[in-house]
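File shown here: run_6.txt, holding compact mmCIF, C-alpha atoms.
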# COMPACT_ATOMS: atom_id res chain seq x y z
CA MET A 1 0.72 26.16 -7.69
CA SER A 2 0.15 22.67 -9.09
CA PHE A 3 2.55 19.83 -9.75
CA ASN A 4 3.13 16.94 -12.14
CA VAL A 5 3.18 13.55 -10.42
CA LEU A 6 4.26 10.14 -11.72
CA ILE A 7 2.62 7.19 -9.93
CA VAL A 8 4.32 3.83 -10.43
CA ASP A 9 2.44 0.75 -9.21
CA ASP A 10 1.50 -2.52 -10.88
CA SER A 11 -1.99 -2.47 -9.36
CA ASN A 12 -4.61 -0.47 -11.29
CA SER A 13 -6.67 -0.08 -8.15
CA MET A 14 -3.74 1.15 -6.09
CA ARG A 15 -2.82 3.77 -8.68
CA ALA A 16 -6.43 4.95 -8.69
CA VAL A 17 -6.46 5.05 -4.87
CA ILE A 18 -3.21 7.00 -4.66
CA LYS A 19 -4.53 9.50 -7.20
CA LYS A 20 -7.80 9.84 -5.32
CA ILE A 21 -6.12 10.29 -1.93
CA ILE A 22 -3.73 12.91 -3.33
CA SER A 23 -6.71 14.75 -4.75
CA ILE A 24 -8.62 14.58 -1.41
CA SER A 25 -5.50 15.77 0.41
CA GLY A 26 -5.64 19.19 -1.25
CA PHE A 27 -2.29 18.74 -2.99
CA LYS A 28 -2.81 20.26 -6.43
CA ILE A 29 -2.01 18.03 -9.38
CA ASP A 30 -1.51 19.52 -12.81
CA GLN A 31 -0.72 16.29 -14.65
CA CYS A 32 -0.82 12.77 -13.21
CA ILE A 33 1.09 10.18 -15.21
CA GLU A 34 0.80 6.49 -14.42
CA ALA A 35 3.17 3.57 -15.01
CA VAL A 36 2.85 -0.11 -14.14
CA ASN A 37 6.54 -0.68 -13.37
CA GLY A 38 9.94 1.00 -13.39
CA LYS A 39 10.52 0.32 -17.07
CA GLU A 40 7.30 2.04 -18.08
CA ALA A 41 8.11 4.91 -15.69
CA LEU A 42 11.45 5.54 -17.44
CA GLU A 43 9.68 5.50 -20.80
CA ALA A 44 7.11 8.02 -19.52
CA LEU A 45 9.93 10.28 -18.33
CA THR A 46 11.39 10.56 -21.82
CA ASP A 47 8.31 12.58 -22.88
CA ASN A 48 7.16 14.17 -19.64
CA TRP A 49 8.62 16.27 -16.88
CA VAL A 50 7.41 15.51 -13.35
CA ASP A 51 7.95 17.23 -10.00
CA VAL A 52 7.78 14.03 -7.95
CA ILE A 53 7.65 10.26 -8.43
CA MET A 54 5.64 8.01 -6.11
CA SER A 55 6.69 4.41 -6.61
CA ASP A 56 5.81 1.00 -5.23
CA ILE A 57 8.75 -1.31 -4.46
CA ASN A 58 7.63 -4.77 -5.55
CA MET A 59 6.69 -4.68 -9.22
CA PRO A 60 7.29 -7.08 -12.11
CA GLU A 61 9.90 -6.34 -14.83
CA MET A 62 11.55 -3.44 -12.98
CA ASN A 63 11.01 -2.86 -9.26
CA GLY A 64 11.19 0.41 -7.35
CA PHE A 65 14.84 0.01 -6.26
CA GLU A 66 16.00 -0.63 -9.83
CA LEU A 67 14.03 2.39 -11.02
CA LEU A 68 15.74 4.50 -8.36
CA LYS A 69 19.20 3.28 -9.46
CA ARG A 70 18.44 4.10 -13.10
CA LEU A 71 17.16 7.57 -12.20
CA LYS A 72 20.31 8.37 -10.22
CA LYS A 73 22.47 7.46 -13.22
CA ASP A 74 20.62 9.90 -15.47
CA ASN A 75 21.76 13.52 -15.23
CA LEU A 76 18.37 14.85 -16.32
CA LEU A 77 16.34 12.71 -13.95
CA LYS A 78 18.56 12.26 -10.91
CA ASP A 79 17.16 15.23 -8.98
CA ILE A 80 13.48 14.29 -9.28
CA PRO A 81 12.40 13.43 -5.73
CA VAL A 82 11.17 9.86 -5.26
CA ILE A 83 8.77 8.71 -2.55
CA MET A 84 8.52 4.97 -1.99
CA ILE A 85 5.05 3.64 -1.27
CA THR A 86 5.37 0.40 0.55
CA THR A 87 3.55 -2.25 2.52
CA GLU A 88 6.68 -3.43 4.33
CA SER A 89 8.90 -0.91 6.01
CA SER A 90 11.74 -2.83 7.61
CA GLU A 91 14.43 -0.46 8.90
CA LYS A 92 17.06 -2.16 6.74
CA ARG A 93 14.99 -1.81 3.57
CA MET A 94 14.30 1.84 4.36
CA GLN A 95 18.00 2.49 4.95
CA ASP A 96 18.86 0.78 1.65
CA ALA A 97 16.37 3.03 -0.12
CA PHE A 98 17.70 6.20 1.57
CA ASN A 99 21.23 5.16 0.56
CA LEU A 100 20.01 4.97 -3.03
CA GLY A 101 18.65 8.50 -2.77
CA VAL A 102 14.96 8.06 -1.97
CA LYS A 103 13.52 11.22 -0.40
CA GLY A 104 10.65 9.76 1.57
CA PHE A 105 8.61 6.74 2.52
CA ILE A 106 4.90 6.32 2.95
CA LYS A 107 3.45 3.14 4.33
CA LYS A 108 0.15 1.69 3.12
CA PRO A 109 -2.52 2.28 4.28
CA PHE A 110 -2.09 6.06 4.44
CA LEU A 111 -4.31 9.04 5.13
CA PRO A 112 -4.69 12.12 2.87
CA GLU A 113 -2.89 14.36 5.39
CA GLU A 114 0.07 11.97 5.51
CA ILE A 115 0.44 11.95 1.73
CA ARG A 116 0.13 15.77 1.49
CA LYS A 117 2.75 16.25 4.22
CA ILE A 118 5.31 14.01 2.55
CA LEU A 119 4.66 15.44 -0.92
CA TYR A 120 5.18 19.00 0.35
CA GLU A 121 8.28 17.94 2.28
CA VAL A 122 10.07 16.25 -0.61
CA ILE A 123 9.16 18.89 -3.18
CA GLY A 124 10.18 21.62 -0.73
CA VAL A 125 6.96 23.61 -0.52
CA ASN A 126 5.15 24.98 2.50
CA ASP A 127 1.55 24.35 3.59
CA GLU A 128 0.29 26.95 1.15
CA GLY A 129 1.83 24.96 -1.70
CA THR A 130 4.52 27.52 -2.58
CA TYR A 131 8.25 26.85 -2.63
CA GLU A 132 10.02 27.60 0.64
CA GLU A 133 12.81 29.51 -1.14
CA ASP A 134 10.27 31.51 -3.18
CA ARG A 135 8.72 32.71 0.04
CA GLY A 136 12.12 33.97 1.19
CA ASP A 137 12.66 35.79 -2.10
CA ASP A 138 9.22 37.41 -1.91
CA GLU A 139 9.94 38.65 1.57
CA ALA A 140 13.26 40.09 0.42
CA PHE A 141 11.50 42.23 -2.18
CA ASP A 142 8.55 43.17 0.01
CA PHE A 143 9.33 46.86 0.64
CA MET B 1 4.38 -22.10 24.45
CA MET B 2 3.17 -22.43 20.88
CA LYS B 3 -0.37 -21.60 22.02
CA GLU B 4 0.86 -18.35 23.61
CA HIS B 5 2.91 -17.54 20.50
CA MET B 6 -0.14 -18.07 18.26
CA LYS B 7 -2.24 -15.88 20.55
CA LYS B 8 0.21 -12.98 20.08
CA ILE B 9 0.22 -13.53 16.34
CA GLU B 10 -3.57 -13.57 16.34
CA GLU B 11 -3.67 -10.24 18.25
CA MET B 12 -1.23 -8.59 15.84
CA THR B 13 -3.06 -9.87 12.78
CA ARG B 14 -6.39 -8.69 14.17
CA HIS B 15 -4.91 -5.23 14.73
CA SER B 16 -3.62 -5.23 11.14
CA ILE B 17 -6.91 -6.20 9.52
CA PHE B 18 -8.82 -3.62 11.59
CA GLU B 19 -6.37 -0.84 10.69
CA VAL B 20 -6.19 -1.69 6.98
CA PHE B 21 -9.95 -2.03 6.52
CA GLU B 22 -10.61 1.23 8.36
CA LYS B 23 -7.91 3.36 6.78
CA MET B 24 -7.89 1.95 3.27
CA PHE B 25 -11.45 0.80 2.68
CA TYR B 26 -13.45 2.77 5.27
CA VAL B 27 -14.98 -0.52 6.47
CA PHE B 28 -15.34 -1.03 10.24
CA LEU B 29 -15.07 -4.65 11.26
CA GLU B 30 -16.59 -6.42 14.21
CA HIS B 31 -14.99 -9.62 15.46
CA LEU B 32 -17.33 -12.64 15.36
CA ASP B 33 -17.07 -15.35 18.00
CA GLY B 34 -17.98 -18.22 15.69
CA GLU B 35 -16.89 -19.09 12.17
CA CYS B 36 -18.71 -17.80 9.13
CA GLY B 37 -18.91 -20.04 6.09
CA GLU B 38 -20.33 -17.51 3.67
CA TYR B 39 -17.26 -16.51 1.66
CA ASP B 40 -17.09 -16.12 -2.10
CA MET B 41 -13.39 -15.53 -2.82
CA GLU B 42 -9.97 -15.39 -1.23
CA ALA B 43 -6.57 -13.76 -1.60
CA ALA B 44 -3.36 -15.11 -0.10
CA ILE B 45 0.26 -14.09 0.34
CA ARG B 46 3.32 -15.88 1.69
CA PHE B 47 6.11 -14.28 3.69
CA GLU B 48 9.62 -15.52 4.45
CA GLY B 49 12.10 -14.32 7.03
CA PHE B 50 13.05 -15.25 10.61
CA MET B 51 9.43 -16.39 10.69
CA SER B 52 7.67 -17.65 7.58
CA GLY B 53 4.06 -18.33 6.81
CA GLU B 54 0.98 -17.39 4.88
CA ILE B 55 -1.94 -15.00 5.31
CA ARG B 56 -5.25 -15.68 3.58
CA ILE B 57 -8.25 -13.40 3.57
CA LEU B 58 -11.69 -14.77 2.82
CA LEU B 59 -14.20 -12.33 1.44
CA SER B 60 -17.91 -12.18 0.73
CA MET B 61 -18.92 -10.65 -2.60
CA ASP B 62 -20.70 -7.83 -0.73
CA ILE B 63 -17.64 -6.75 1.21
CA VAL B 64 -15.41 -6.68 -1.87
CA LYS B 65 -17.97 -4.48 -3.64
CA ALA B 66 -18.14 -2.21 -0.58
CA MET B 67 -14.32 -1.99 -0.45
CA ILE B 68 -14.10 -1.04 -4.13
CA HIS B 69 -16.95 1.43 -3.85
CA ASN B 70 -15.42 3.10 -0.80
CA MET B 71 -11.88 3.06 -2.15
CA LEU B 72 -12.48 4.09 -5.75
CA GLY B 73 -16.00 5.54 -5.74
CA LEU B 74 -17.14 3.04 -8.39
CA LYS B 75 -20.81 2.08 -8.81
CA GLU B 76 -21.92 -1.56 -8.70
CA ASP B 77 -22.15 -1.92 -12.50
CA GLU B 78 -18.58 -0.61 -12.87
CA ILE B 79 -17.14 -3.27 -10.56
CA THR B 80 -15.52 -6.03 -12.59
CA ILE B 81 -14.00 -9.31 -11.45
CA GLN B 82 -10.58 -7.81 -12.34
CA ARG B 83 -11.21 -4.95 -9.92
CA MET B 84 -12.24 -7.47 -7.25
CA GLU B 85 -9.06 -9.43 -7.81
CA ASP B 86 -6.91 -6.29 -7.67
CA CYS B 87 -8.60 -5.03 -4.53
CA SER B 88 -8.43 -8.40 -2.68
CA LYS B 89 -4.76 -8.85 -3.55
CA GLU B 90 -3.92 -5.31 -2.46
CA ALA B 91 -5.78 -5.86 0.83
CA VAL B 92 -3.90 -9.04 1.73
CA ASN B 93 -0.59 -7.45 0.68
CA VAL B 94 -1.11 -4.43 2.94
CA ILE B 95 -2.38 -6.54 5.87
CA CYS B 96 0.72 -8.74 5.60
CA GLY B 97 3.05 -5.71 5.49
CA ASN B 98 1.32 -4.19 8.51
CA PHE B 99 1.55 -7.48 10.45
CA LEU B 100 5.26 -7.96 9.66
CA GLY B 101 5.99 -4.37 10.74
CA GLN B 102 4.47 -5.18 14.12
CA LEU B 103 6.27 -8.52 14.33
CA ASP B 104 9.73 -6.97 13.91
CA SER B 105 10.36 -3.77 11.99
CA ALA B 106 14.13 -4.33 12.09
CA LYS B 107 13.94 -7.58 10.15
CA VAL B 108 13.62 -8.01 6.40
CA PHE B 109 10.93 -10.30 5.02
CA ASN B 110 10.39 -11.44 1.46
CA LEU B 111 6.80 -11.40 0.30
CA SER B 112 5.40 -13.48 -2.55
CA ALA B 113 3.11 -11.96 -5.16
CA PRO B 114 -0.45 -12.22 -3.80
CA ILE B 115 -2.72 -14.81 -5.40
CA PHE B 116 -6.48 -14.63 -5.89
CA LYS B 117 -9.04 -17.43 -6.02
CA GLU B 118 -12.64 -16.96 -7.11
CA GLN B 119 -13.61 -19.75 -4.68
CA PRO B 120 -12.06 -20.08 -1.23
CA GLY B 121 -9.68 -23.03 -0.91
CA ASP B 122 -9.43 -25.57 1.91
CA LEU B 123 -10.34 -23.95 5.23
CA GLU B 124 -9.04 -26.74 7.47
CA LEU B 125 -6.67 -25.41 10.13
CA THR B 126 -3.33 -26.98 11.01
CA GLU B 127 -1.63 -26.71 14.43
CA ASN B 128 0.27 -23.49 13.73
CA ALA B 129 -2.65 -21.65 12.24
CA CYS B 130 -5.52 -19.55 13.46
CA ARG B 131 -8.67 -18.18 11.91
CA MET B 132 -10.67 -15.05 12.66
CA ASP B 133 -14.03 -14.01 11.25
CA PHE B 134 -15.43 -10.49 11.09
CA ASP B 135 -18.67 -8.83 10.17
CA SER B 136 -19.35 -5.29 8.97
CA ASP B 137 -22.13 -3.22 7.43
CA GLY B 138 -20.58 -4.04 4.05
CA GLY B 139 -20.27 -7.83 4.42
CA LYS B 140 -18.11 -10.56 5.94
CA VAL B 141 -14.38 -11.15 5.96
CA GLY B 142 -12.25 -13.91 7.42
CA LEU B 143 -8.52 -14.24 7.97
CA ILE B 144 -6.35 -17.32 8.32
CA ILE B 145 -2.70 -17.06 9.32
CA LYS B 146 -0.35 -20.02 9.26
CA VAL B 147 3.23 -19.75 10.53
CA LYS B 148 6.36 -21.86 10.72
CA GLY B 149 9.66 -21.06 12.40

Output the file's structure in the form of structure tokens.
Amino acid sequence: MSFNVLIVDDSNSMRAVIKKIISISGFKIDQCIEAVNGKEALEALTDNWVDVIMSDINMPEMNGFELLKRLKKDNLLKDIPVIMITTESSEKRMQDAFNLGVKGFIKKPFLPEEIRKILYEVIGVNDEGTYEEDRGDDEAFDF
Amino acid sequence: MMKEHMKKIEEMTRHSIFEVFEKMFYVFLEHLDGECGEYDMEAAIRFEGFMSGEIRILLSMDIVKAMIHNMLGLKEDEITIQRMEDCSKEAVNVICGNFLGQLDSAKVFNLSAPIFKEQPGDLELTENACRMDFDSDGGKVGLIIKVKG
């Protein structure tokens, strides 16, 4: 099973690094869409469906918190899990983000296994990359 | 008192630069006793909170190329000055975030946008500042931290 990921970061290099680390981690990407800020991310979401959004916080034009607020107001987009990628992880800022509906945090610098773990957690898949609920269904029909 | 305070800050910053260079750029640093004057560029970031200040990293051309190569798998002829700027700014941003997390993870700090200079600026140290220099297989890196409050 592979997934569509939206990476939102104003640094070209950081987007490339995130993409590379996800790929090394073994997490299977079908389509990887990139945006330089929240505004561009919302535009990308009008034409593309993604399974998860990985977003930086501090970005020009529209930061990660504003993006999160806009997503939560949109009935079509509100359930897409968002992981915040951050350099600063003060407890207050993390709590603010969780209150806004963020599903997970990953602090830079991060290792491939850390990124895979959080991606699987927020999407709700197990280590084999299949949905937890699917596994239950399969077992139910396994006569 | 201030000397002791600066020593703690120096230890935390050293931990941050080691961790960031190892985990993000796969570069293993070795602390140098003396100062190294062979730097080609710098990136700096300011932070504000219960303690405010600035972190600057000084980089040799070789180490920036090694960082980009290790991080993105780019060959030397694919490494542009824009990539170097991006990479240096990202490095100082992550080092600063790591340092502030160690300083007090319960407190909120505001970080400025990192700035990049193709030539290092003034390296003179004031009273509330310290400088560290490091060597690696990939090249040299220095760090200056200045605090107030």

Within 8 Å of chain A, which residues belong to chain B? Use only C-alpha atoms and report them as a list in words.
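Going by the stated atoms only, the list reads Val20, Lys23, Met24, Met71, Leu72, Arg83, Asp86, Cys87, Glu90, Asn93, Val94, Cys96, Gly97, Asn98, Leu100, Gly101, Asp104, Ser105, Ala106, Lys107, Val108 and Phe109 of chain B.
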
Figure out the distance between CA of Lys28 (chain A) and CA of Asn75 (chain A), please, to one decimal in Å.
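A separation of 27.0 Å between them.
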
So which residues are close to (-1.2, -8.7, -5.6), meaning at most 6 Å away in the file's coordinates with all atoms listed in the file counted, and can you show them as number ranges by chain?
B: 89-90, 113-114

Using all atoms listed in the file, can you tell me which of A:Leu100, A:Leu45, A:Cys32, A:Ile57 comes closest to Lys72 (chain A)?
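Selected residue with least distance to Lys72 (chain A): A:Leu100.
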
Which one is closest to Glu11 (chain B): B:Lys75, B:Arg131, B:Lys65, B:Lys140? Count only C-alpha atoms.
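When distances to Glu11 (chain B) are compared using only C-alpha atoms, the smallest one comes from B:Arg131.
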
Missing atoms in region 9-29 of chain A: fill them in up to N, CA and C atoms and send the result as an mmCIF file, in the coordinates of the input.
data_model
loop_
_atom_site.group_PDB
_atom_site.id
_atom_site.type_symbol
_atom_site.label_atom_id
_atom_site.label_comp_id
_atom_site.auth_asym_id
_atom_site.auth_seq_id
_atom_site.Cartn_x
_atom_site.Cartn_y
_atom_site.Cartn_z
ATOM 1 N N ASP A 9 2.946 1.878 -10.006
ATOM 2 C CA ASP A 9 2.440 0.750 -9.210
ATOM 3 C C ASP A 9 1.816 -0.240 -10.189
ATOM 4 N N ASP A 10 2.043 -1.529 -9.943
ATOM 5 C CA ASP A 10 1.500 -2.520 -10.880
ATOM 6 C C ASP A 10 0.015 -2.787 -10.664
ATOM 7 N N SER A 11 -0.556 -2.267 -9.599
ATOM 8 C CA SER A 11 -1.990 -2.470 -9.360
ATOM 9 C C SER A 11 -2.791 -1.265 -9.857
ATOM 10 N N ASN A 12 -3.726 -1.537 -10.788
ATOM 11 C CA ASN A 12 -4.610 -0.470 -11.290
ATOM 12 C C ASN A 12 -5.347 0.200 -10.164
ATOM 13 N N SER A 13 -5.866 -0.622 -9.255
ATOM 14 C CA SER A 13 -6.670 -0.080 -8.150
ATOM 15 C C SER A 13 -5.820 0.811 -7.262
ATOM 16 N N MET A 14 -4.589 0.357 -6.992
ATOM 17 C CA MET A 14 -3.740 1.150 -6.090
ATOM 18 C C MET A 14 -3.378 2.490 -6.717
ATOM 19 N N ARG A 15 -3.126 2.487 -8.026
ATOM 20 C CA ARG A 15 -2.820 3.770 -8.680
ATOM 21 C C ARG A 15 -4.012 4.706 -8.579
ATOM 22 N N ALA A 16 -5.206 4.133 -8.787
ATOM 23 C CA ALA A 16 -6.430 4.950 -8.690
ATOM 24 C C ALA A 16 -6.610 5.479 -7.266
ATOM 25 N N VAL A 17 -6.305 4.633 -6.282
ATOM 26 C CA VAL A 17 -6.460 5.050 -4.870
ATOM 27 C C VAL A 17 -5.470 6.171 -4.533
ATOM 28 N N ILE A 18 -4.237 5.989 -4.969
ATOM 29 C CA ILE A 18 -3.210 7.000 -4.660
ATOM 30 C C ILE A 18 -3.631 8.349 -5.258
ATOM 31 N N LYS A 19 -4.084 8.287 -6.508
ATOM 32 C CA LYS A 19 -4.530 9.500 -7.200
ATOM 33 C C LYS A 19 -5.689 10.158 -6.449
ATOM 34 N N LYS A 20 -6.625 9.315 -6.032
ATOM 35 C CA LYS A 20 -7.800 9.840 -5.320
ATOM 36 C C LYS A 20 -7.389 10.463 -3.979
ATOM 37 N N ILE A 21 -6.520 9.774 -3.257
ATOM 38 C CA ILE A 21 -6.120 10.290 -1.930
ATOM 39 C C ILE A 21 -5.321 11.587 -2.084
ATOM 40 N N ILE A 22 -4.476 11.661 -3.108
ATOM 41 C CA ILE A 22 -3.730 12.910 -3.330
ATOM 42 C C ILE A 22 -4.727 14.032 -3.591
ATOM 43 N N SER A 23 -5.722 13.726 -4.402
ATOM 44 C CA SER A 23 -6.710 14.750 -4.750
ATOM 45 C C SER A 23 -7.506 15.200 -3.506
ATOM 46 N N ILE A 24 -7.901 14.233 -2.657
ATOM 47 C CA ILE A 24 -8.620 14.580 -1.410
ATOM 48 C C ILE A 24 -7.724 15.407 -0.489
ATOM 49 N N SER A 25 -6.423 15.126 -0.533
ATOM 50 C CA SER A 25 -5.500 15.770 0.410
ATOM 51 C C SER A 25 -5.366 17.277 0.202
ATOM 52 N N GLY A 26 -5.768 17.760 -0.969
ATOM 53 C CA GLY A 26 -5.640 19.190 -1.250
ATOM 54 C C GLY A 26 -4.361 19.524 -1.999
ATOM 55 N N PHE A 27 -3.499 18.532 -2.201
ATOM 56 C CA PHE A 27 -2.290 18.740 -2.990
ATOM 57 C C PHE A 27 -2.722 18.893 -4.456
ATOM 58 N N LYS A 28 -2.301 19.965 -5.078
ATOM 59 C CA LYS A 28 -2.810 20.260 -6.430
ATOM 60 C C LYS A 28 -1.979 19.573 -7.518
ATOM 61 N N ILE A 29 -2.674 18.737 -8.290
ATOM 62 C CA ILE A 29 -2.010 18.030 -9.380
ATOM 63 C C ILE A 29 -2.336 18.729 -10.695
#
